[in-house]
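Peer 1: Next comes the structure file model-v2.txt, holding compact mmCIF, C-alpha atoms.
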# COMPACT_ATOMS: atom_id res chain seq x y z
CA MET A 1 89.23 96.42 70.26
CA LYS A 2 86.51 94.92 72.41
CA ILE A 3 87.91 93.35 75.56
CA ALA A 4 85.98 91.46 78.25
CA PHE A 5 87.44 90.85 81.71
CA VAL A 6 85.71 88.31 83.97
CA HIS A 7 86.29 87.99 87.70
CA GLN A 8 83.64 87.27 90.31
CA ASN A 9 85.18 90.03 92.46
CA PHE A 10 85.74 92.39 89.54
CA PRO A 11 88.24 93.86 88.72
CA GLY A 12 90.55 91.62 90.77
CA GLN A 13 93.94 91.30 89.09
CA PHE A 14 92.67 93.10 86.00
CA LEU A 15 92.36 96.60 87.50
CA ARG A 16 95.41 98.15 85.84
CA LEU A 17 94.80 96.49 82.48
CA ALA A 18 91.17 97.62 82.44
CA ARG A 19 92.15 101.19 83.28
CA THR A 20 94.84 101.23 80.62
CA PHE A 21 92.68 99.89 77.82
CA VAL A 22 89.79 102.21 78.68
CA ALA A 23 92.16 105.19 78.57
CA GLU A 24 93.39 104.09 75.15
CA GLY A 25 89.87 104.04 73.73
CA HIS A 26 89.19 100.32 73.65
CA GLU A 27 85.73 99.08 74.57
CA VAL A 28 86.21 97.33 77.91
CA VAL A 29 83.46 95.19 79.43
CA GLY A 30 83.61 93.73 82.94
CA LEU A 31 81.62 90.77 84.27
CA GLY A 32 81.46 89.87 87.93
CA MET A 33 79.26 89.24 90.94
CA VAL A 34 79.86 92.56 92.69
CA LYS A 35 76.96 94.90 92.11
CA GLN A 36 78.90 97.99 91.09
CA CYS A 37 82.13 98.59 89.19
CA SER A 38 84.79 100.90 90.59
CA VAL A 39 86.69 101.33 87.31
CA PRO A 40 85.59 104.43 85.37
CA GLY A 41 84.87 103.80 81.71
CA VAL A 42 84.30 100.07 82.03
CA LYS A 43 80.92 98.83 80.84
CA TYR A 44 80.14 96.58 83.75
CA PHE A 45 77.52 93.82 83.96
CA SER A 46 76.91 91.93 87.17
CA TYR A 47 75.62 88.40 87.20
CA ASN A 48 74.12 86.08 89.79
CA ALA A 49 75.20 82.51 90.30
CA VAL A 50 72.41 80.17 89.27
CA PRO A 51 70.45 78.45 92.05
CA GLY A 52 72.06 75.24 93.21
CA PRO A 53 72.51 72.84 96.11
CA GLU A 54 74.69 75.16 98.19
CA ASP A 55 72.88 74.10 101.37
CA ALA A 56 73.02 70.39 100.63
CA PRO A 57 74.30 67.95 103.25
CA TYR A 58 78.05 67.38 103.01
CA GLN A 59 78.35 70.71 101.21
CA ASN A 60 82.06 70.88 102.00
CA ARG A 61 82.61 67.68 100.03
CA TYR A 62 81.26 69.28 96.87
CA SER A 63 82.41 72.86 97.46
CA PRO A 64 85.25 72.67 94.89
CA VAL A 65 82.69 72.00 92.16
CA ILE A 66 79.17 73.24 92.94
CA PRO A 67 79.91 76.96 93.53
CA ARG A 68 82.13 77.08 90.44
CA LEU A 69 79.46 75.51 88.27
CA ARG A 70 76.87 77.91 89.63
CA ARG A 71 79.10 80.83 88.70
CA ALA A 72 79.93 79.31 85.30
CA TYR A 73 76.26 79.05 84.43
CA GLY A 74 75.47 82.48 85.86
CA VAL A 75 78.12 84.35 83.90
CA ALA A 76 77.35 82.33 80.78
CA TYR A 77 73.69 83.35 80.92
CA ARG A 78 74.74 87.01 81.30
CA ALA A 79 77.19 86.71 78.42
CA ARG A 80 74.49 85.14 76.27
CA GLU A 81 72.30 88.19 76.90
CA LEU A 82 75.14 90.48 75.81
CA ALA A 83 75.74 88.37 72.70
CA SER A 84 72.06 88.60 71.79
CA GLN A 85 72.41 92.38 72.02
CA GLY A 86 75.32 92.35 69.57
CA PHE A 87 78.36 92.40 71.86
CA GLU A 88 81.11 90.22 70.41
CA PRO A 89 84.48 90.68 72.14
CA ASP A 90 87.82 90.24 70.44
CA VAL A 91 89.49 89.08 73.66
CA VAL A 92 88.04 87.49 76.82
CA VAL A 93 90.29 87.31 79.90
CA VAL A 94 89.10 85.24 82.88
CA ASN A 95 90.52 84.42 86.30
CA THR A 96 89.85 80.69 86.27
CA GLY A 97 89.86 80.22 90.04
CA TRP A 98 86.10 80.72 90.23
CA GLY A 99 84.94 78.50 87.35
CA GLU A 100 83.71 81.34 85.18
CA ASN A 101 85.33 80.55 81.84
CA LEU A 102 83.92 77.05 81.32
CA PHE A 103 81.14 77.96 78.87
CA LEU A 104 82.13 81.38 77.52
CA LYS A 105 83.89 80.08 74.42
CA ASP A 106 80.63 78.54 73.26
CA ILE A 107 78.94 81.93 73.51
CA TRP A 108 81.75 84.01 71.99
CA PRO A 109 83.46 81.49 69.65
CA LYS A 110 85.31 84.12 67.57
CA ALA A 111 87.08 85.70 70.56
CA ARG A 112 90.54 84.85 71.85
CA HIS A 113 89.91 83.30 75.26
CA VAL A 114 92.68 83.82 77.81
CA ALA A 115 92.72 81.89 81.09
CA TYR A 116 94.53 83.41 84.08
CA PHE A 117 95.71 80.66 86.44
CA GLU A 118 97.03 81.15 89.97
CA TYR A 119 97.81 77.70 91.35
CA TYR A 120 97.58 73.96 90.75
CA TYR A 121 97.20 71.88 93.92
CA HIS A 122 99.23 68.86 94.99
CA ALA A 123 98.83 66.44 97.87
CA LYS A 124 102.60 66.38 98.42
CA GLY A 125 105.44 68.84 98.05
CA GLN A 126 103.52 72.12 98.23
CA ASP A 127 101.37 73.87 100.81
CA LEU A 128 99.17 70.96 101.89
CA ASP A 129 101.81 68.82 103.61
CA PHE A 130 104.30 71.61 104.31
CA ASP A 131 103.62 72.44 107.96
CA PRO A 132 103.95 69.62 110.53
CA GLU A 133 102.18 71.79 113.10
CA PHE A 134 98.98 71.58 111.03
CA PRO A 135 98.95 68.13 109.41
CA VAL A 136 96.19 67.05 107.07
CA THR A 137 94.68 63.84 108.42
CA ASN A 138 91.47 63.71 106.38
CA GLU A 139 92.05 62.23 102.94
CA GLU A 140 88.90 63.96 101.68
CA VAL A 141 90.84 67.24 101.88
CA ILE A 142 93.11 65.80 99.21
CA TRP A 143 90.13 64.69 97.17
CA ARG A 144 88.75 68.24 97.26
CA LEU A 145 92.04 69.50 95.85
CA ARG A 146 91.77 66.99 93.02
CA LEU A 147 88.28 68.31 92.31
CA LYS A 148 89.64 71.86 92.21
CA ASN A 149 92.30 70.74 89.77
CA SER A 150 89.75 69.00 87.58
CA MET A 151 87.91 72.31 87.26
CA GLN A 152 91.16 74.00 86.26
CA LEU A 153 91.87 71.37 83.63
CA GLY A 154 88.42 72.04 82.22
CA ALA A 155 89.22 75.76 82.22
CA LEU A 156 92.46 75.13 80.35
CA ASP A 157 90.62 73.04 77.77
CA ALA A 158 88.20 75.92 77.19
CA ALA A 159 90.98 78.50 76.64
CA ASP A 160 92.99 79.54 73.60
CA ALA A 161 95.85 80.79 75.76
CA ALA A 162 96.83 80.63 79.42
CA VAL A 163 98.98 82.67 81.77
CA ALA A 164 100.28 82.56 85.35
CA PRO A 165 101.85 85.47 87.28
CA THR A 166 105.09 83.79 88.42
CA ARG A 167 107.30 80.95 87.28
CA TYR A 168 106.71 79.06 90.53
CA GLN A 169 102.94 79.26 90.12
CA ARG A 170 103.18 78.05 86.53
CA ASP A 171 105.40 75.16 87.59
CA THR A 172 102.82 73.86 90.05
CA PHE A 173 101.00 72.61 86.93
CA PRO A 174 101.87 69.17 85.52
CA ALA A 175 105.01 69.23 83.38
CA TYR A 176 103.12 68.28 80.23
CA LEU A 177 100.98 71.44 80.56
CA ARG A 178 103.58 74.05 81.50
CA ASP A 179 104.46 74.97 77.94
CA ARG A 180 100.88 76.13 77.50
CA LEU A 181 101.17 78.73 80.28
CA ALA A 182 102.96 82.02 79.72
CA VAL A 183 104.46 83.77 82.76
CA ILE A 184 103.42 87.43 83.01
CA HIS A 185 103.13 89.24 86.32
CA ASP A 186 100.24 91.63 87.02
CA GLY A 187 102.78 94.39 87.60
CA ILE A 188 103.17 97.05 90.27
CA ASP A 189 103.51 100.82 90.09
CA THR A 190 107.16 101.27 91.00
CA ASP A 191 106.98 105.00 90.27
CA LYS A 192 104.51 105.51 93.13
CA LEU A 193 106.05 102.85 95.35
CA ARG A 194 109.25 104.59 96.35
CA PRO A 195 111.24 104.72 99.61
CA ASP A 196 110.81 107.77 101.82
CA PRO A 197 113.70 108.22 104.27
CA ASN A 198 111.76 111.01 105.97
CA GLY A 199 108.49 109.09 106.23
CA ARG A 200 106.47 109.11 109.44
CA ILE A 201 103.22 107.45 110.44
CA GLN A 202 100.92 107.68 113.44
CA LEU A 203 99.54 104.30 114.51
CA GLY A 204 95.93 105.09 115.30
CA GLU A 205 94.73 108.09 117.28
CA SER A 206 96.61 107.25 120.45
CA GLY A 207 99.44 105.07 119.14
CA PRO A 208 103.08 106.02 118.68
CA GLN A 209 104.46 108.00 115.77
CA LEU A 210 107.04 105.93 113.95
CA SER A 211 109.88 106.90 111.63
CA ARG A 212 113.21 105.52 110.45
CA GLU A 213 114.71 106.87 113.68
CA THR A 214 113.11 103.94 115.57
CA PRO A 215 113.86 100.28 114.76
CA VAL A 216 110.58 99.04 113.28
CA VAL A 217 109.98 95.43 112.22
CA THR A 218 107.00 95.01 109.91
CA TYR A 219 104.97 91.99 108.83
CA VAL A 220 102.05 92.02 106.39
CA THR A 221 99.41 89.41 105.60
CA ARG A 222 95.81 89.63 104.42
CA ASN A 223 94.75 87.58 107.44
CA ILE A 224 96.71 86.19 110.38
CA GLU A 225 96.82 82.48 109.59
CA PRO A 226 99.30 79.64 109.02
CA MET A 227 99.65 79.94 105.22
CA ARG A 228 101.63 83.18 105.48
CA GLY A 229 103.66 82.09 108.50
CA ALA A 230 101.92 84.22 111.12
CA HIS A 231 102.42 81.51 113.76
CA ILE A 232 106.19 81.68 113.26
CA VAL A 233 106.16 85.47 113.47
CA PHE A 234 104.22 85.29 116.75
CA LYS A 235 106.71 82.77 118.16
CA SER A 236 109.55 85.09 117.18
CA LEU A 237 108.18 88.13 119.04
CA PRO A 238 110.09 87.61 122.33
CA TYR A 239 113.35 87.20 120.39
CA LEU A 240 112.67 90.22 118.19
CA LEU A 241 111.93 92.45 121.18
CA ASP A 242 115.17 91.31 122.81
CA ILE A 243 117.19 92.83 119.96
CA ASP A 244 116.68 96.43 121.02
CA PRO A 245 114.66 97.96 123.90
CA GLU A 246 113.36 100.61 121.48
CA LEU A 247 112.29 98.15 118.78
CA ARG A 248 108.66 98.09 117.66
CA VAL A 249 106.83 95.39 115.73
CA VAL A 250 103.94 96.39 113.45
CA ILE A 251 101.68 93.56 112.21
CA ILE A 252 99.23 94.32 109.40
CA GLY A 253 96.47 91.75 108.85
CA GLY A 254 92.92 90.80 109.72
CA LYS A 255 91.63 88.10 112.04
CA GLY A 256 89.67 86.12 109.45
CA THR A 257 90.89 83.43 107.05
CA SER A 258 91.93 83.71 103.42
CA TYR A 259 93.77 80.50 102.53
CA SER A 260 94.07 78.36 105.65
CA GLY A 261 91.26 76.39 107.23
CA SER A 262 89.41 77.63 110.28
CA ALA A 263 91.12 77.69 113.66
CA PRO A 264 90.04 75.07 116.23
CA ASN A 265 87.17 75.51 118.68
CA GLY A 266 85.72 78.57 117.02
CA GLN A 267 88.76 80.68 117.83
CA SER A 268 90.64 83.01 115.49
CA TRP A 269 94.14 82.07 114.44
CA PHE A 270 95.22 85.34 116.05
CA ASP A 271 94.08 84.09 119.46
CA VAL A 272 95.55 80.63 118.90
CA PHE A 273 98.96 81.95 117.92
CA LYS A 274 99.04 84.50 120.71
CA SER A 275 98.28 81.82 123.29
CA ARG A 276 101.15 79.63 122.07
CA ILE A 277 103.98 82.13 122.59
CA GLU A 278 106.30 80.51 125.10
CA ARG A 279 107.97 83.58 126.59
CA PRO A 280 106.59 86.86 127.97
CA VAL A 281 106.02 89.61 125.41
CA ASP A 282 105.99 93.37 125.98
CA TRP A 283 102.75 93.99 124.12
CA SER A 284 103.19 97.78 124.38
CA ARG A 285 105.82 97.42 121.64
CA VAL A 286 103.77 95.13 119.38
CA HIS A 287 101.14 96.89 117.29
CA PHE A 288 98.34 94.96 115.58
CA VAL A 289 96.81 97.44 113.15
CA GLY A 290 94.39 95.19 111.24
CA ASN A 291 93.88 95.68 107.51
CA LEU A 292 94.97 99.19 106.54
CA PRO A 293 93.98 101.35 103.58
CA TYR A 294 96.58 101.00 100.84
CA ASP A 295 98.22 104.40 101.39
CA GLN A 296 98.64 103.60 105.09
CA PHE A 297 100.12 100.20 104.26
CA VAL A 298 102.69 101.96 102.08
CA LYS A 299 103.57 104.44 104.81
CA VAL A 300 104.13 101.64 107.32
CA LEU A 301 106.56 99.93 104.95
CA GLN A 302 108.33 103.23 104.31
CA VAL A 303 109.30 103.45 107.99
CA SER A 304 110.22 99.77 108.21
CA SER A 305 113.75 98.90 109.33
CA ALA A 306 113.28 95.19 108.62
CA HIS A 307 110.31 93.74 106.76
CA VAL A 308 109.35 90.09 107.32
CA TYR A 309 107.67 88.20 104.49
CA MET A 310 106.62 84.57 104.86
CA THR A 311 104.66 82.07 102.85
CA TYR A 312 104.16 78.35 102.48
CA PRO A 313 104.98 77.00 98.99
CA PHE A 314 101.94 78.81 97.58
CA VAL A 315 100.90 81.89 95.62
CA LEU A 316 103.37 84.76 96.00
CA SER A 317 101.84 87.89 97.56
CA TRP A 318 101.89 91.20 95.68
CA SER A 319 103.11 92.74 98.95
CA SER A 320 106.47 90.98 98.65
CA ILE A 321 107.27 92.77 95.39
CA GLU A 322 105.73 96.02 96.62
CA ALA A 323 108.10 95.81 99.61
CA MET A 324 110.99 95.37 97.19
CA ALA A 325 109.93 98.49 95.26
CA LEU A 326 109.72 100.43 98.54
CA GLU A 327 113.34 99.46 99.20
CA CYS A 328 112.50 97.50 102.34
CA ARG A 329 115.18 95.51 104.14
CA ILE A 330 113.56 92.15 103.54
CA VAL A 331 113.82 89.09 105.79
CA ALA A 332 111.90 86.24 104.16
CA SER A 333 111.14 82.55 104.46
CA ASP A 334 113.38 80.32 102.38
CA THR A 335 110.57 78.74 100.33
CA ASP A 336 110.25 78.17 96.59
CA PRO A 337 107.97 81.09 95.66
CA VAL A 338 110.15 83.49 97.66
CA ARG A 339 113.39 82.35 96.04
CA GLU A 340 112.01 83.45 92.69
CA VAL A 341 112.19 87.09 93.81
CA ILE A 342 114.64 87.15 96.77
CA GLN A 343 118.22 85.89 96.59
CA ASP A 344 119.85 85.47 99.98
CA GLY A 345 122.53 88.08 100.59
CA VAL A 346 121.78 89.89 97.32
CA ASN A 347 118.43 91.64 97.74
CA GLY A 348 117.30 90.26 101.09
CA ARG A 349 117.98 87.70 103.79
CA LEU A 350 116.36 84.27 103.91
CA PHE A 351 115.78 81.96 106.89
CA PRO A 352 114.29 78.47 107.38
CA PHE A 353 110.51 78.85 107.54
CA PHE A 354 109.98 77.09 110.87
CA ASP A 355 112.91 78.64 112.76
CA GLU A 356 111.68 81.65 114.71
CA LYS A 357 115.09 82.17 116.29
CA ALA A 358 116.69 82.31 112.85
CA LEU A 359 114.05 84.84 111.82
CA ALA A 360 115.02 87.05 114.75
CA GLU A 361 118.74 86.58 114.05
CA ARG A 362 118.31 87.69 110.43
CA VAL A 363 116.41 90.75 111.64
CA ARG A 364 119.23 91.48 114.10
CA GLU A 365 121.76 91.26 111.26
CA THR A 366 119.60 93.53 109.13
CA LEU A 367 119.51 96.20 111.83
CA ALA A 368 123.20 95.87 112.74
CA GLU A 369 124.66 95.77 109.22
CA ARG A 370 123.12 99.02 108.01
CA ASP A 371 125.24 99.65 104.93
CA LYS A 372 124.94 96.09 103.68
CA SER A 373 121.20 96.07 104.35
CA ALA A 374 120.76 99.37 102.51
CA ALA A 375 122.67 98.02 99.51
CA MET A 376 120.50 94.88 99.40
CA ALA A 377 117.36 97.00 99.70
CA ALA A 378 118.49 99.14 96.77
CA GLU A 379 119.08 95.98 94.75
CA ALA A 380 115.60 94.76 95.69
CA ARG A 381 114.12 97.94 94.24
CA ARG A 382 116.25 97.65 91.11
CA ILE A 383 114.92 94.12 90.52
CA ALA A 384 111.32 95.21 91.19
CA VAL A 385 111.65 97.99 88.61
CA ALA A 386 113.46 95.82 86.06
CA LYS A 387 111.15 92.81 86.26
CA TYR A 388 107.79 93.83 87.72
CA ASP A 389 107.07 97.46 86.80
CA TYR A 390 103.62 97.61 85.24
CA GLU A 391 104.15 100.36 82.65
CA THR A 392 107.58 99.44 81.32
CA VAL A 393 107.69 95.65 81.72
CA CYS A 394 104.39 93.89 82.42
CA LEU A 395 102.04 95.98 80.26
CA PRO A 396 104.12 95.46 77.08
CA GLN A 397 104.16 91.72 77.82
CA TRP A 398 100.40 91.71 78.30
CA ARG A 399 99.87 93.69 75.08
CA GLU A 400 101.82 91.17 73.04
CA PHE A 401 100.18 88.21 74.74
CA LEU A 402 96.64 89.53 74.30
CA GLY A 403 97.27 90.92 70.81
CA ILE A 404 96.20 94.43 71.86
CA LYS A 405 98.18 97.28 70.28
I'd like the structure from this file rewritten - as structure tokens, please.

Peer 2:
Amino acid sequence: MKIAFVHQNFPGQFLRLARTFVAEGHEVVGLGMVKQCSVPGVKYFSYNAVPGPEDAPYQNRYSPVIPRLRRAYGVAYRARELASQGFEPDVVVVNTGWGENLFLKDIWPKARHVAYFEYYYHAKGQDLDFDPEFPVTNEEVIWRLRLKNSMQLGALDAADAAVAPTRYQRDTFPAYLRDRLAVIHDGIDTDKLRPDPNGRIQLGESGPQLSRETPVVTYVTRNIEPMRGAHIVFKSLPYLLDIDPELRVVIIGGKGTSYSGSAPNGQSWFDVFKSRIERPVDWSRVHFVGNLPYDQFVKVLQVSSAHVYMTYPFVLSWSSIEAMALECRIVASDTDPVREVIQDGVNGRLFPFFDEKALAERVRETLAERDKSAAMAAEARRIAVAKYDYETVCLPQWREFLGIK
């Protein structure tokens, strides 16, 4: 079959699927804005967004629409070139978050067009009004979300089929649309993501060497910002360090922004959160390691004694399920997307999102109740393998959904 994957940062979520279908002999084409493709065997074509008013006054007001339209036109022009050269895909799969699928059905009308959706925004009841520490006071922020949603509705209209990675993410869409969205996770490699009781890792050239012999609390986020609860983790540091004089905290994450707005006064959220900690902290036992290569990220989680995962009601991180596969002792925020994968007392411990003392108390329980914590961690891995393994669970679901044998 001829399969086209479209993602402005190709391959994005489609890496494993692209690799699989190439290996099976299908003709796989990738379209994106990155200049080179890192997936062997994929016939990759980069495109440029068409010129547009990106520097216009009040750009932020129109940012949910203008960049997406520029990408939609850009990828459509590239697809039209491929069509003129005889390329007619059987299946086109597009991450709709960037606007790219809007016109592709008109260029490849015979293909099955599949829209991959991540999130539908709401003014109330989800991430926007969740955190009282960072209230939204500008109603135009809400209007921008409505513009984002209008682009997604257009993307759904241009698709033959639609999919979201988790039930929670699907259910952010209006009830009358949910039946149109299948739920299929991207999948993780649970065979490679295994616990290592003998694991060790050196933190930097001069940092400590950590193993399971030392109590290690881990926290992972793409960037240190409110959306993934970094401010609560920072507030909890004095209480965490009080648990055991040997305890170490390892924080993985950059100092930019991924989902939250910018920090005030040109600061980073890292600096803001650090300045707001109310009690002294022994910083020699807190290790900020930035964004690590994937193999190093895995090794850190393999030595973790208690792994903290937090998120607003928003998109669930891959890292939460990867931590389950690695048999981490998980302490997580009691929010809707988390409850889909973590059941309190069964495969992890939950705590109220805004309660840093409760976070520390659940970590203390995790470290003190070793046998119970180990049993819950084993159950977390069992669930990760049973529900989210790429080869045995997610890939067969994707095959059936895409009609690719």

Peer 1: Give the answer as one residue: which of A:Lys148, A:Lys255, A:Lys35, A:Arg364 has the shortest atom-to-atom distance to Pro67 in chain A, using all atoms listed in the file?

Peer 2: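 Of all the options, A:Lys148 lies closest to Pro67 in chain A.
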
Peer 1: Hey, can you pull every residue with an atom no more than 7 Å from (114.0, 102.7, 96.1), using all atoms listed in the file, and send it as a list of chain:residue names?

Peer 2: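 Nearby residues: A:Arg194, A:Pro195, A:Ala325, A:Leu326, A:Glu327, A:Ala378, A:Arg381.
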
Peer 1: Choose the residue, out of A:Ile66, A:Val136, A:Val346, A:Val92, that has the smallest atom-to-atom separation from Met1 in chain A; count only C-alpha atoms.

Peer 2: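 Of A:Ile66, A:Val136, A:Val346, A:Val92, the one nearest Met1 in chain A is A:Val92, counting only C-alpha atoms.
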
Peer 1: For a test of reading the model, state the distance in Å between CA of Val286 in chain A and CA of Glu369 in chain A, rounded to one decimal.

Peer 2: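 Computing the Euclidean distance for CA of Val286 in chain A and CA of Glu369 in chain A yields 23.2 Å.
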
Peer 1: Which residues, written as a ChimeraX atom specification, have at least one atom at most 9 Å from Pro64 in chain A, with all atoms listed in the file counted and residues fewer than 2 positions away on the same chain left out?

Peer 2: /A:60-62,66-68,144-149,151

Peer 1: Kindly export the residues of the current selection with C-alpha atoms, as a compact mmCIF listing (two decimals), in the frame of the given file.

Peer 2:
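The new file result_11.txt reads:
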# COMPACT_ATOMS: atom_id res chain seq x y z
CA ASN A 60 82.06 70.88 102.00
CA ARG A 61 82.61 67.68 100.03
CA TYR A 62 81.26 69.28 96.87
CA ILE A 66 79.17 73.24 92.94
CA PRO A 67 79.91 76.96 93.53
CA ARG A 68 82.13 77.08 90.44
CA ARG A 144 88.75 68.24 97.26
CA LEU A 145 92.04 69.50 95.85
CA ARG A 146 91.77 66.99 93.02
CA LEU A 147 88.28 68.31 92.31
CA LYS A 148 89.64 71.86 92.21
CA ASN A 149 92.30 70.74 89.77
CA MET A 151 87.91 72.31 87.26

Peer 1: Pick from A:Ile321, A:Leu69, A:Ala332, A:Ala23: nearest to Tyr388 in chain A, with all atoms listed in the file counted?

Peer 2: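 Among the listed residues, the smallest separation from Tyr388 in chain A belongs to A:Ile321.
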
Peer 1: Go through A:Glu361, A:Asp196, A:Asp344, A:Asp271 one by one, measure the shortest atom-to-atom distance of each to Ser304 in chain A using all atoms listed in the file, and give the residue with the smallest value.

Peer 2: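 Looking at the shortest contact to Ser304 in chain A, the residue is A:Asp196.
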
Peer 1: Please indicate the distance in Å from CA of Glu356 in chain A to CA of Ser236 in chain A, rounded to one decimal place.

Peer 2: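 Interatomic distance here is 4.7 Å.
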
Peer 1: Quick one: of A:Pro238, A:Phe14, A:Val308, A:Glu205, who's nearest to Val250 in chain A, counting all atoms listed in the file?

Peer 2: A:Val308

Peer 1: Which of these residues is nearest to Ser284 in chain A, using all atoms listed in the file: A:Val249, A:Arg228, A:Lys2, A:Glu322?

Peer 2: A:Val249

Peer 1: Distance CA of Pro132 in chain A-CA of Ala230 in chain A, one decimal place?

Peer 2: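 That distance, rounded to one decimal, is 14.8 Å.
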